[in-house]
$ cat my_file-v1.pdb   # PDB, C-alpha atoms
ATOM      1  CA  MET W   1      24.231  12.348  -3.773
ATOM      2  CA  ILE W   2      22.937  13.910  -7.008
ATOM      3  CA  ARG W   3      24.450  11.090  -9.046
ATOM      4  CA  TYR W   4      22.840   8.547  -6.736
ATOM      5  CA  VAL W   5      19.411  10.192  -7.075
ATOM      6  CA  LEU W   6      19.678  10.396 -10.880
ATOM      7  CA  GLY W   7      20.618   6.725 -11.090
ATOM      8  CA  ARG W   8      17.629   5.728  -8.978
ATOM      9  CA  PHE W   9      15.349   8.020 -11.027
ATOM     10  CA  LEU W  10      16.465   6.366 -14.266
ATOM     11  CA  SER W  11      15.695   2.984 -12.728
ATOM     12  CA  LEU W  12      12.243   4.322 -11.767
ATOM     13  CA  VAL W  13      11.477   5.404 -15.347
ATOM     14  CA  ILE W  14      12.592   2.073 -16.825
ATOM     15  CA  SER W  15      10.525   0.168 -14.263
ATOM     16  CA  LEU W  16       7.417   2.194 -15.134
ATOM     17  CA  ILE W  17       7.848   1.541 -18.861
ATOM     18  CA  VAL W  18       8.262  -2.210 -18.334
ATOM     19  CA  ALA W  19       5.353  -2.295 -15.888
ATOM     20  CA  SER W  20       2.996  -0.502 -18.295
ATOM     21  CA  PHE W  21       3.796  -2.976 -21.062
ATOM     22  CA  VAL W  22       3.318  -6.011 -18.797
ATOM     23  CA  ILE W  23       0.036  -4.704 -17.345
ATOM     24  CA  PHE W  24      -1.417  -3.936 -20.765
ATOM     25  CA  ALA W  25      -0.303  -7.277 -22.226
ATOM     26  CA  VAL W  26      -1.602  -9.389 -19.330
ATOM     27  CA  ILE W  27      -4.992  -7.672 -19.111
ATOM     28  CA  GLU W  28      -5.551  -7.567 -22.871
ATOM     29  CA  ILE W  29      -4.971 -11.319 -23.297
ATOM     30  CA  ALA W  30      -7.580 -12.123 -20.660
ATOM     31  CA  PRO W  31     -10.508 -14.017 -22.213
ATOM     32  CA  GLY W  32     -13.764 -12.244 -22.979
ATOM     33  CA  ASP W  33     -14.779  -9.247 -25.047
ATOM     34  CA  PRO W  34     -16.018  -6.195 -23.078
ATOM     35  CA  ALA W  35     -18.508  -5.224 -25.789
ATOM     36  CA  SER W  36     -20.027  -8.705 -25.916
ATOM     37  CA  PHE W  37     -20.113  -8.823 -22.129
ATOM     38  CA  MET W  38     -21.925  -5.485 -21.915
ATOM     39  CA  LEU W  39     -24.533  -6.324 -24.582
ATOM     40  CA  GLY W  40     -25.174  -9.924 -23.579
ATOM     41  CA  ILE W  41     -25.067 -13.201 -25.476
ATOM     42  CA  ASN W  42     -28.120 -12.370 -27.608
ATOM     43  CA  ALA W  43     -26.676  -9.169 -29.080
ATOM     44  CA  GLN W  44     -26.439  -8.863 -32.859
ATOM     45  CA  PRO W  45     -22.905  -8.954 -34.361
ATOM     46  CA  GLU W  46     -23.323  -5.538 -35.963
ATOM     47  CA  THR W  47     -24.372  -4.063 -32.612
ATOM     48  CA  VAL W  48     -21.333  -5.554 -30.935
ATOM     49  CA  ALA W  49     -19.105  -4.221 -33.721
ATOM     50  CA  ALA W  50     -20.599  -0.731 -33.351
ATOM     51  CA  LEU W  51     -19.981  -0.754 -29.594
ATOM     52  CA  ARG W  52     -16.407  -1.965 -30.115
ATOM     53  CA  THR W  53     -15.838   0.982 -32.446
ATOM     54  CA  GLU W  54     -17.373   3.382 -29.931
ATOM     55  CA  LEU W  55     -15.144   2.055 -27.149
ATOM     56  CA  GLY W  56     -12.045   2.068 -29.349
ATOM     57  CA  LEU W  57     -11.617  -1.711 -29.132
ATOM     58  CA  ASP W  58     -11.381  -2.138 -32.903
ATOM     59  CA  VAL W  59      -7.988  -0.388 -32.979
ATOM     60  CA  ALA W  60      -4.836  -2.519 -33.137
ATOM     61  CA  LYS W  61      -3.426  -3.371 -29.705
ATOM     62  CA  PRO W  62      -0.052  -1.603 -30.212
ATOM     63  CA  VAL W  63      -1.911   1.583 -31.123
ATOM     64  CA  ARG W  64      -4.198   1.200 -28.119
ATOM     65  CA  TYR W  65      -1.166   0.725 -25.881
ATOM     66  CA  LEU W  66       0.510   3.889 -27.174
ATOM     67  CA  ASN W  67      -2.738   5.858 -26.854
ATOM     68  CA  TRP W  68      -3.164   4.605 -23.293
ATOM     69  CA  VAL W  69       0.400   5.432 -22.230
ATOM     70  CA  THR W  70       0.491   8.880 -23.848
ATOM     71  CA  GLY W  71      -2.926   9.622 -22.371
ATOM     72  CA  MET W  72      -1.750   8.746 -18.861
ATOM     73  CA  ILE W  73       1.259  11.015 -19.235
ATOM     74  CA  THR W  74      -1.097  13.927 -19.938
ATOM     75  CA  GLY W  75      -3.553  12.884 -17.228
ATOM     76  CA  ASP W  76      -6.114  11.304 -19.585
ATOM     77  CA  PHE W  77      -6.754   7.712 -18.457
ATOM     78  CA  GLY W  78      -9.507   7.151 -20.999
ATOM     79  CA  THR W  79     -13.232   6.598 -20.584
ATOM     80  CA  SER W  80     -14.757   3.761 -18.579
ATOM     81  CA  TYR W  81     -16.678   1.212 -20.661
ATOM     82  CA  THR W  82     -19.372   0.690 -18.036
ATOM     83  CA  TYR W  83     -19.554   3.998 -16.149
ATOM     84  CA  ARG W  84     -19.168   6.044 -19.377
ATOM     85  CA  ALA W  85     -17.163   8.543 -17.344
ATOM     86  CA  PRO W  86     -13.488   9.562 -17.439
ATOM     87  CA  VAL W  87     -11.372   7.036 -15.569
ATOM     88  CA  SER W  88      -9.448   9.890 -13.955
ATOM     89  CA  GLU W  89     -12.671  11.083 -12.300
ATOM     90  CA  LEU W  90     -13.453   7.580 -11.033
ATOM     91  CA  ILE W  91      -9.958   7.273  -9.585
ATOM     92  CA  ALA W  92     -10.124  10.731  -8.012
ATOM     93  CA  ASP W  93     -13.440   9.862  -6.337
ATOM     94  CA  ARG W  94     -11.998   6.638  -4.869
ATOM     95  CA  VAL W  95      -8.445   7.677  -3.996
ATOM     96  CA  VAL W  96      -9.733  10.197  -1.437
ATOM     97  CA  VAL W  97     -10.847   7.154   0.556
ATOM     98  CA  SER W  98      -8.026   4.686  -0.126
ATOM     99  CA  LEU W  99      -5.106   7.098   0.328
ATOM    100  CA  PRO W 100      -6.183   8.474   3.744
ATOM    101  CA  LEU W 101      -6.975   4.902   4.841
ATOM    102  CA  ALA W 102      -3.474   3.718   3.863
ATOM    103  CA  ILE W 103      -1.775   6.697   5.559
ATOM    104  CA  TYR W 104      -3.931   6.283   8.685
ATOM    105  CA  ALA W 105      -3.108   2.561   8.880
ATOM    106  CA  LEU W 106       0.607   3.188   8.293
ATOM    107  CA  ILE W 107       0.750   5.806  11.063
ATOM    108  CA  LEU W 108      -1.004   3.450  13.481
ATOM    109  CA  SER W 109       1.274   0.587  12.468
ATOM    110  CA  THR W 110       4.416   2.663  13.025
ATOM    111  CA  LEU W 111       3.228   4.113  16.339
ATOM    112  CA  ILE W 112       2.553   0.603  17.630
ATOM    113  CA  ALA W 113       5.569  -1.175  16.148
ATOM    114  CA  PHE W 114       8.423   1.179  17.032
ATOM    115  CA  PRO W 115       7.859   1.236  20.818
ATOM    116  CA  ALA W 116       7.042  -2.492  20.833
ATOM    117  CA  GLY W 117      10.174  -3.442  18.875
ATOM    118  CA  ILE W 118      12.459  -1.203  20.929
ATOM    119  CA  TYR W 119      10.902  -2.423  24.193
ATOM    120  CA  ALA W 120      11.375  -6.072  23.187
ATOM    121  CA  ALA W 121      14.997  -5.493  22.111
ATOM    122  CA  SER W 122      15.834  -3.728  25.375
ATOM    123  CA  ARG W 123      14.471  -6.709  27.339
ATOM    124  CA  ARG W 124      15.921  -9.501  25.264
ATOM    125  CA  GLY W 125      15.096 -12.906  26.711
ATOM    126  CA  ARG W 126      12.907 -11.489  29.496
ATOM    127  CA  VAL W 127       9.187 -11.680  30.052
ATOM    128  CA  GLY W 128       8.554  -8.379  28.241
ATOM    129  CA  ASP W 129      10.410  -9.582  25.153
ATOM    130  CA  MET W 130       8.582 -12.907  25.088
ATOM    131  CA  SER W 131       5.220 -11.172  25.577
ATOM    132  CA  VAL W 132       5.796  -8.787  22.668
ATOM    133  CA  MET W 133       7.048 -11.576  20.399
ATOM    134  CA  GLY W 134       4.051 -13.733  21.297
ATOM    135  CA  ALA W 135       1.677 -10.879  20.498
ATOM    136  CA  THR W 136       3.399 -10.185  17.186
ATOM    137  CA  GLN W 137       3.304 -13.863  16.246
ATOM    138  CA  LEU W 138      -0.451 -13.805  16.838
ATOM    139  CA  GLY W 139      -0.755 -10.608  14.805
ATOM    140  CA  VAL W 140       1.072 -12.145  11.857
ATOM    141  CA  ALA W 141      -1.027 -15.314  11.983
ATOM    142  CA  ILE W 142      -4.485 -13.687  12.100
ATOM    143  CA  PRO W 143      -5.930 -12.746   8.656
ATOM    144  CA  ASN W 144      -6.832  -9.063   8.555
ATOM    145  CA  PHE W 145     -10.299  -9.714   7.089
ATOM    146  CA  TRP W 146     -11.149 -12.042  10.005
ATOM    147  CA  PHE W 147      -9.850  -9.454  12.457
ATOM    148  CA  ALA W 148     -11.935  -6.815  10.653
ATOM    149  CA  MET W 149     -15.114  -8.834  11.140
ATOM    150  CA  ILE W 150     -14.311  -9.274  14.855
ATOM    151  CA  MET W 151     -13.809  -5.507  15.122
ATOM    152  CA  VAL W 152     -17.198  -4.913  13.509
ATOM    153  CA  LEU W 153     -18.855  -7.405  15.854
ATOM    154  CA  ILE W 154     -17.358  -5.851  18.991
ATOM    155  CA  PHE W 155     -17.134  -2.117  18.306
ATOM    156  CA  ALA W 156     -19.943  -1.602  15.771
ATOM    157  CA  ILE W 157     -22.625  -4.119  16.663
ATOM    158  CA  ASN W 158     -22.160  -4.705  20.415
ATOM    159  CA  LEU W 159     -20.677  -1.423  21.691
ATOM    160  CA  ARG W 160     -22.020   0.774  18.859
ATOM    161  CA  TRP W 161     -18.982   3.059  19.005
ATOM    162  CA  PHE W 162     -18.491   2.994  15.230
ATOM    163  CA  SER W 163     -20.602   2.306  12.176
ATOM    164  CA  ALA W 164     -20.398  -1.171  10.664
ATOM    165  CA  GLY W 165     -19.421   0.169   7.254
ATOM    166  CA  GLY W 166     -19.822   2.849   4.647
ATOM    167  CA  PHE W 167     -18.189   6.228   4.244
ATOM    168  CA  PRO W 168     -20.082   9.506   4.796
ATOM    169  CA  GLY W 169     -17.732  11.576   2.633
ATOM    170  CA  TRP W 170     -15.282  14.280   3.604
ATOM    171  CA  ASP W 171     -17.899  16.955   2.968
ATOM    172  CA  LYS W 172     -19.647  15.728   6.136
ATOM    173  CA  GLY W 173     -16.632  16.702   8.214
ATOM    174  CA  PHE W 174     -13.048  15.563   8.767
ATOM    175  CA  TRP W 175     -13.673  13.762  12.039
ATOM    176  CA  GLY W 176     -16.702  11.976  10.655
ATOM    177  CA  GLY W 177     -14.573  10.620   7.802
ATOM    178  CA  MET W 178     -11.732   9.637  10.147
ATOM    179  CA  LYS W 179     -14.170   7.865  12.447
ATOM    180  CA  ALA W 180     -15.491   5.839   9.507
ATOM    181  CA  LEU W 181     -11.912   4.874   8.592
ATOM    182  CA  THR W 182     -10.805   3.990  12.134
ATOM    183  CA  LEU W 183     -11.904   0.355  12.258
ATOM    184  CA  PRO W 184     -10.631  -0.393   8.721
ATOM    185  CA  ALA W 185      -7.324   1.324   9.551
ATOM    186  CA  ILE W 186      -6.873  -0.681  12.750
ATOM    187  CA  SER W 187      -7.740  -3.890  10.902
ATOM    188  CA  LEU W 188      -5.049  -3.129   8.323
ATOM    189  CA  ALA W 189      -2.505  -1.729  10.798
ATOM    190  CA  LEU W 190      -2.247  -4.405  13.487
ATOM    191  CA  PRO W 191      -0.975  -7.277  11.284
ATOM    192  CA  GLN W 192       1.505  -4.881   9.661
ATOM    193  CA  ALA W 193       2.562  -3.557  13.072
ATOM    194  CA  ALA W 194       3.345  -7.119  14.144
ATOM    195  CA  ILE W 195       5.695  -7.569  11.178
ATOM    196  CA  LEU W 196       7.326  -4.167  11.646
ATOM    197  CA  ALA W 197       7.862  -4.718  15.388
ATOM    198  CA  ARG W 198       9.646  -8.016  14.745
ATOM    199  CA  VAL W 199      11.894  -6.401  12.135
ATOM    200  CA  MET W 200      12.638  -3.489  14.471
ATOM    201  CA  ARG W 201      13.569  -5.838  17.313
ATOM    202  CA  SER W 202      15.746  -8.019  15.087
ATOM    203  CA  SER W 203      17.533  -5.024  13.577
ATOM    204  CA  LEU W 204      18.227  -3.512  17.001
ATOM    205  CA  LEU W 205      19.569  -6.785  18.356
ATOM    206  CA  ASP W 206      21.935  -6.975  15.392
ATOM    207  CA  MET W 207      23.234  -3.556  16.404
ATOM    208  CA  LEU W 208      24.227  -4.854  19.847
ATOM    209  CA  GLY W 209      27.114  -6.781  18.320
ATOM    210  CA  GLU W 210      28.553  -3.764  16.507
ATOM    211  CA  ASP W 211      31.754  -2.098  17.694
ATOM    212  CA  PHE W 212      30.183   1.316  18.260
ATOM    213  CA  MET W 213      27.578  -0.240  20.539
ATOM    214  CA  ARG W 214      30.240  -2.028  22.576
ATOM    215  CA  THR W 215      32.126   1.241  22.861
ATOM    216  CA  ALA W 216      28.991   3.007  24.078
ATOM    217  CA  ARG W 217      28.429   0.299  26.683
ATOM    218  CA  ALA W 218      32.087   0.489  27.741
ATOM    219  CA  LYS W 219      31.640   4.223  28.384
ATOM    220  CA  GLY W 220      28.959   3.411  30.936
ATOM    221  CA  LEU W 221      25.701   3.573  28.982
ATOM    222  CA  SER W 222      23.079   0.992  29.860
ATOM    223  CA  GLN W 223      21.893  -1.360  27.131
ATOM    224  CA  ARG W 224      18.548   0.422  26.899
ATOM    225  CA  ARG W 225      20.127   3.891  26.667
ATOM    226  CA  ALA W 226      22.681   2.689  24.119
ATOM    227  CA  LEU W 227      19.875   1.269  21.996
ATOM    228  CA  TRP W 228      17.918   4.530  22.099
ATOM    229  CA  LYS W 229      20.902   6.839  21.576
ATOM    230  CA  HIS W 230      23.008   4.895  19.079
ATOM    231  CA  GLY W 231      21.133   1.830  17.877
ATOM    232  CA  VAL W 232      17.784   3.118  16.617
ATOM    233  CA  ARG W 233      19.063   5.274  13.753
ATOM    234  CA  ASN W 234      21.447   2.586  12.518
ATOM    235  CA  ALA W 235      18.664  -0.012  12.697
ATOM    236  CA  LEU W 236      16.337   2.020  10.474
ATOM    237  CA  ILE W 237      17.500   0.760   7.061
ATOM    238  CA  PRO W 238      15.658  -2.606   7.092
ATOM    239  CA  VAL W 239      12.771  -0.920   8.910
ATOM    240  CA  LEU W 240      12.453   1.702   6.149
ATOM    241  CA  THR W 241      12.231  -1.128   3.624
ATOM    242  CA  ILE W 242       9.316  -2.686   5.457
ATOM    243  CA  ILE W 243       7.557   0.664   5.909
ATOM    244  CA  GLY W 244       7.812   1.364   2.171
ATOM    245  CA  LEU W 245       6.480  -2.064   1.271
ATOM    246  CA  GLN W 246       3.729  -1.759   3.854
ATOM    247  CA  PHE W 247       2.457   1.536   2.469
ATOM    248  CA  SER W 248       2.268   0.016  -0.990
ATOM    249  CA  PHE W 249       0.440  -3.009   0.400
ATOM    250  CA  LEU W 250      -1.964  -0.887   2.438
ATOM    251  CA  LEU W 251      -2.892   1.189  -0.590
ATOM    252  CA  ALA W 252      -3.067  -1.639  -3.137
ATOM    253  CA  GLY W 253      -4.012  -4.559  -0.933
ATOM    254  CA  GLY W 254      -6.957  -3.113   0.967
ATOM    255  CA  ILE W 255      -9.549  -4.566  -1.411
ATOM    256  CA  ILE W 256     -10.781  -7.166   1.092
ATOM    257  CA  ILE W 257     -11.003  -4.669   3.937
ATOM    258  CA  GLU W 258     -12.840  -2.233   1.675
ATOM    259  CA  GLN W 259     -15.302  -5.004   0.835
ATOM    260  CA  VAL W 260     -15.818  -5.841   4.536
ATOM    261  CA  PHE W 261     -16.502  -2.215   5.466
ATOM    262  CA  PHE W 262     -18.221  -1.235   2.176
ATOM    263  CA  LEU W 263     -15.732   1.553   1.532
ATOM    264  CA  PRO W 264     -15.849   3.187  -1.924
ATOM    265  CA  GLY W 265     -12.093   2.987  -2.477
ATOM    266  CA  LEU W 266      -9.747   1.836  -5.220
ATOM    267  CA  GLY W 267     -10.020  -1.775  -4.104
ATOM    268  CA  ARG W 268     -13.763  -1.899  -4.695
ATOM    269  CA  LEU W 269     -13.325  -0.022  -7.980
ATOM    270  CA  ILE W 270     -10.921  -2.696  -9.249
ATOM    271  CA  PHE W 271     -13.235  -5.471  -8.074
ATOM    272  CA  GLN W 272     -16.231  -3.940  -9.844
ATOM    273  CA  ALA W 273     -14.217  -3.214 -13.007
ATOM    274  CA  ILE W 274     -12.964  -6.810 -13.215
ATOM    275  CA  SER W 275     -16.496  -8.117 -12.756
ATOM    276  CA  ALA W 276     -17.740  -5.868 -15.571
ATOM    277  CA  ARG W 277     -14.761  -6.504 -17.883
ATOM    278  CA  ASP W 278     -13.990  -2.770 -17.798
ATOM    279  CA  LEU W 279     -10.423  -3.220 -19.014
ATOM    280  CA  ILE W 280      -9.462   0.439 -19.252
ATOM    281  CA  VAL W 281     -10.340   0.983 -15.577
ATOM    282  CA  VAL W 282      -8.446  -2.131 -14.472
ATOM    283  CA  GLU W 283      -5.371  -1.178 -16.493
ATOM    284  CA  SER W 284      -5.340   2.422 -15.277
ATOM    285  CA  VAL W 285      -5.912   1.669 -11.590
ATOM    286  CA  VAL W 286      -3.339  -1.142 -11.546
ATOM    287  CA  MET W 287      -0.833   1.117 -13.314
ATOM    288  CA  LEU W 288      -1.501   3.849 -10.764
ATOM    289  CA  LEU W 289      -0.882   1.419  -7.901
ATOM    290  CA  VAL W 290       2.306   0.159  -9.539
ATOM    291  CA  PHE W 291       3.408   3.773  -9.963
ATOM    292  CA  VAL W 292       2.874   4.355  -6.233
ATOM    293  CA  VAL W 293       4.849   1.204  -5.358
ATOM    294  CA  ILE W 294       7.788   2.197  -7.564
ATOM    295  CA  VAL W 295       7.802   5.819  -6.344
ATOM    296  CA  VAL W 296       7.678   4.679  -2.704
ATOM    297  CA  ASN W 297      10.639   2.376  -3.334
ATOM    298  CA  PHE W 298      12.451   5.315  -4.944
ATOM    299  CA  VAL W 299      11.795   7.461  -1.861
ATOM    300  CA  VAL W 300      12.963   4.621   0.404
ATOM    301  CA  ASP W 301      16.206   4.349  -1.593
ATOM    302  CA  ILE W 302      16.823   8.074  -1.122
ATOM    303  CA  ALA W 303      16.051   7.719   2.577
ATOM    304  CA  TYR W 304      18.617   4.902   2.726
ATOM    305  CA  ALA W 305      21.280   7.231   1.380
ATOM    306  CA  ALA W 306      20.318   9.900   3.901
ATOM    307  CA  VAL W 307      20.519   7.447   6.813
ATOM    308  CA  ASP W 308      23.645   5.594   5.622
ATOM    309  CA  PRO W 309      26.007   7.742   3.472
ATOM    310  CA  ARG W 310      28.029   4.619   2.614
ATOM    311  CA  LEU W 311      25.294   3.620   0.175
ATOM    312  CA  ARG W 312      26.015   6.656  -2.007
ATOM    313  CA  THR W 313      29.550   5.496  -2.688
ATOM    314  CA  ARG W 314      28.404   1.976  -3.613
ATOM    315  CA  ALA W 315      25.933   3.184  -6.266
TER     316      ALA W 315
END
$ encode --input "my_file-v1.pdb" --output "structure tokens"
Amino acid sequence: MIRYVLGRFLSLVISLIVASFVIFAVIEIAPGDPASFMLGINAQPETVAALRTELGLDVAKPVRYLNWVTGMITGDFGTSYTYRAPVSELIADRVVVSLPLAIYALILSTLIAFPAGIYAASRRGRVGDMSVMGATQLGVAIPNFWFAMIMVLIFAINLRWFSAGGFPGWDKGFWGGMKALTLPAISLALPQAAILARVMRSSLLDMLGEDFMRTARAKGLSQRRALWKHGVRNALIPVLTIIGLQFSFLLAGGIIIEQVFFLPGLGRLIFQAISARDLIVVESVVMLLVFVVIVVNFVVDIAYAAVDPRLRTRA
């Protein structure tokens, strides 16, 4: 197991190095100069040059890349061009919204998907199965931003159970913050729950053809009890993959939902930084999100080995 973990950790480090280089290269070749953008088209060349020096943009790109990477390792993400504040502080202010939102949505997605997928698998070909699969097909087809606007219309404007947007801050109370995140979390969770439920059902049905399941049935267990007792754990490997990918998507892909609900999260920060040509913020936030994706995949790989010991011998 230790050898397996070390091999996956080495892969994680290599992936982070490659990702940092690609992110820096892609963002730096984007057209437009941040200093010229900030000062406007009528700015004098010497003024633009002075601002470039102040922002560190006059340094050679390889040097800037090394400074950026070594700074991130020590927790220094640089200084924002537009906010004139440490990028780490900007990220810290926004991640306290985006991270709880992603975790909240993932919990809701899992709580909905697991029972739905198991219920559908236990009633294969019956009305219950077809009803769940029809609902999940609808969930996959509906864009989450459209569903978010419907949620606002029904629960915020008509029923007035929730606010239409904004975030009061955690200093106003835990339940106040969770209430503000409820509609965004549901809007993110339901489409993901539809995908996860279909994967759970498919994985469980694949288990029905396995020898150990036939043995369990031959011993007198019903199909539903055999699924719960023997099938669920063995069906978790593809499900864990989807859960890992979903968490990464929920954290990195919530920009549209954050715009709909006016949440001050990482998604809005990236959107504003791109609009203002604040390259250091874009690079740092994207690298942080990539880091989360790679670490989540690393954790999923370790979970694979815990669920299925055969994977350790194949590594």
$ resolve_selection --input "my_file-v1.pdb" --expression "the PyMOL selection byres ((chain W and resi 94) around 8)" --output "PyMOL selection string"
chain W and resi 90-93+95-98+264-266+269
$ resolve_selection --input "my_file-v1.pdb" --expression "the PyMOL selection byres ((chain W and resi 280-295) around 8)" --output "short mmCIF file (atom, residue, chain, number, x, y, z; two decimals) with C-alpha atoms, keeping the file's coordinate frame"
data_model
loop_
_atom_site.label_atom_id
_atom_site.label_comp_id
_atom_site.auth_asym_id
_atom_site.auth_seq_id
_atom_site.Cartn_x
_atom_site.Cartn_y
_atom_site.Cartn_z
CA LEU W 12 12.24 4.32 -11.77
CA SER W 15 10.52 0.17 -14.26
CA LEU W 16 7.42 2.19 -15.13
CA ALA W 19 5.35 -2.30 -15.89
CA SER W 20 3.00 -0.50 -18.30
CA ILE W 23 0.04 -4.70 -17.34
CA PHE W 24 -1.42 -3.94 -20.76
CA ILE W 27 -4.99 -7.67 -19.11
CA PHE W 77 -6.75 7.71 -18.46
CA GLY W 78 -9.51 7.15 -21.00
CA THR W 79 -13.23 6.60 -20.58
CA SER W 80 -14.76 3.76 -18.58
CA TYR W 81 -16.68 1.21 -20.66
CA VAL W 87 -11.37 7.04 -15.57
CA ILE W 91 -9.96 7.27 -9.59
CA LEU W 245 6.48 -2.06 1.27
CA SER W 248 2.27 0.02 -0.99
CA LEU W 251 -2.89 1.19 -0.59
CA ALA W 252 -3.07 -1.64 -3.14
CA LEU W 266 -9.75 1.84 -5.22
CA ILE W 270 -10.92 -2.70 -9.25
CA ALA W 273 -14.22 -3.21 -13.01
CA ILE W 274 -12.96 -6.81 -13.22
CA ASP W 278 -13.99 -2.77 -17.80
CA LEU W 279 -10.42 -3.22 -19.01
CA VAL W 296 7.68 4.68 -2.70
CA ASN W 297 10.64 2.38 -3.33
CA PHE W 298 12.45 5.32 -4.94
CA VAL W 299 11.80 7.46 -1.86
#
$ atom_distance --input "my_file-v1.pdb" --atom1 "atom CA of Ile154 of chain W" --atom2 "atom CA of Thr182 of chain W"
13.7 Å
$ closest_residue --input "my_file-v1.pdb" --among "W:Gly244, W:Ile73, W:Leu196, W:Val260" --to "Leu183 of chain W" --atoms "all atoms listed in the file"
W:Val260
$ atom_distance --input "my_file-v1.pdb" --atom1 "atom CA of Lys229 of chain W" --atom2 "atom CA of Leu204 of chain W"
11.6 Å
$ resolve_selection --input "my_file-v1.pdb" --expression "the PyMOL selection byres ((chain W and resi 133-140) around 7)" --output "PyMOL selection string"
chain W and resi 129-132+141-142+190-191+194-195
$ closest_residue --input "my_file-v1.pdb" --among "W:Ile2, W:Ala50, W:Leu106, W:Ala121" --to "Ser202 of chain W" --atoms "only C-alpha atoms"
W:Ala121
$ axis_aligned_box --input "my_file-v1.pdb" --around "segment 176-190 of chain W" --padding-each-side "5 Å" --output "AutoDock Vina command-line options"
--center_x -9.5 --center_y 3.8 --center_z 10.6 --size_x 24.5 --size_y 26.4 --size_z 15.7
$ residues_near_point --input "my_file-v1.pdb" --point "(-20.5, 8.0, 10.1)" --cutoff "12 Å" --atoms "all atoms listed in the file" --output "ChimeraX atom specification"
/W:156,160-183,261,263
$ closest_residue --input "my_file-v1.pdb" --among "W:Ala25, W:Ile242, W:Ala276, W:Ala120" --to "Lys61 of chain W" --atoms "all atoms listed in the file"
W:Ala25
$ atom_distance --input "my_file-v1.pdb" --atom1 "atom CA of Ser122 of chain W" --atom2 "atom CA of Leu250 of chain W"
29.2 Å
$ closest_residue --input "my_file-v1.pdb" --among "W:Gln259, W:Ala102, W:Tyr83, W:Pro62" --to "Arg277 of chain W" --atoms "all atoms listed in the file"
W:Tyr83
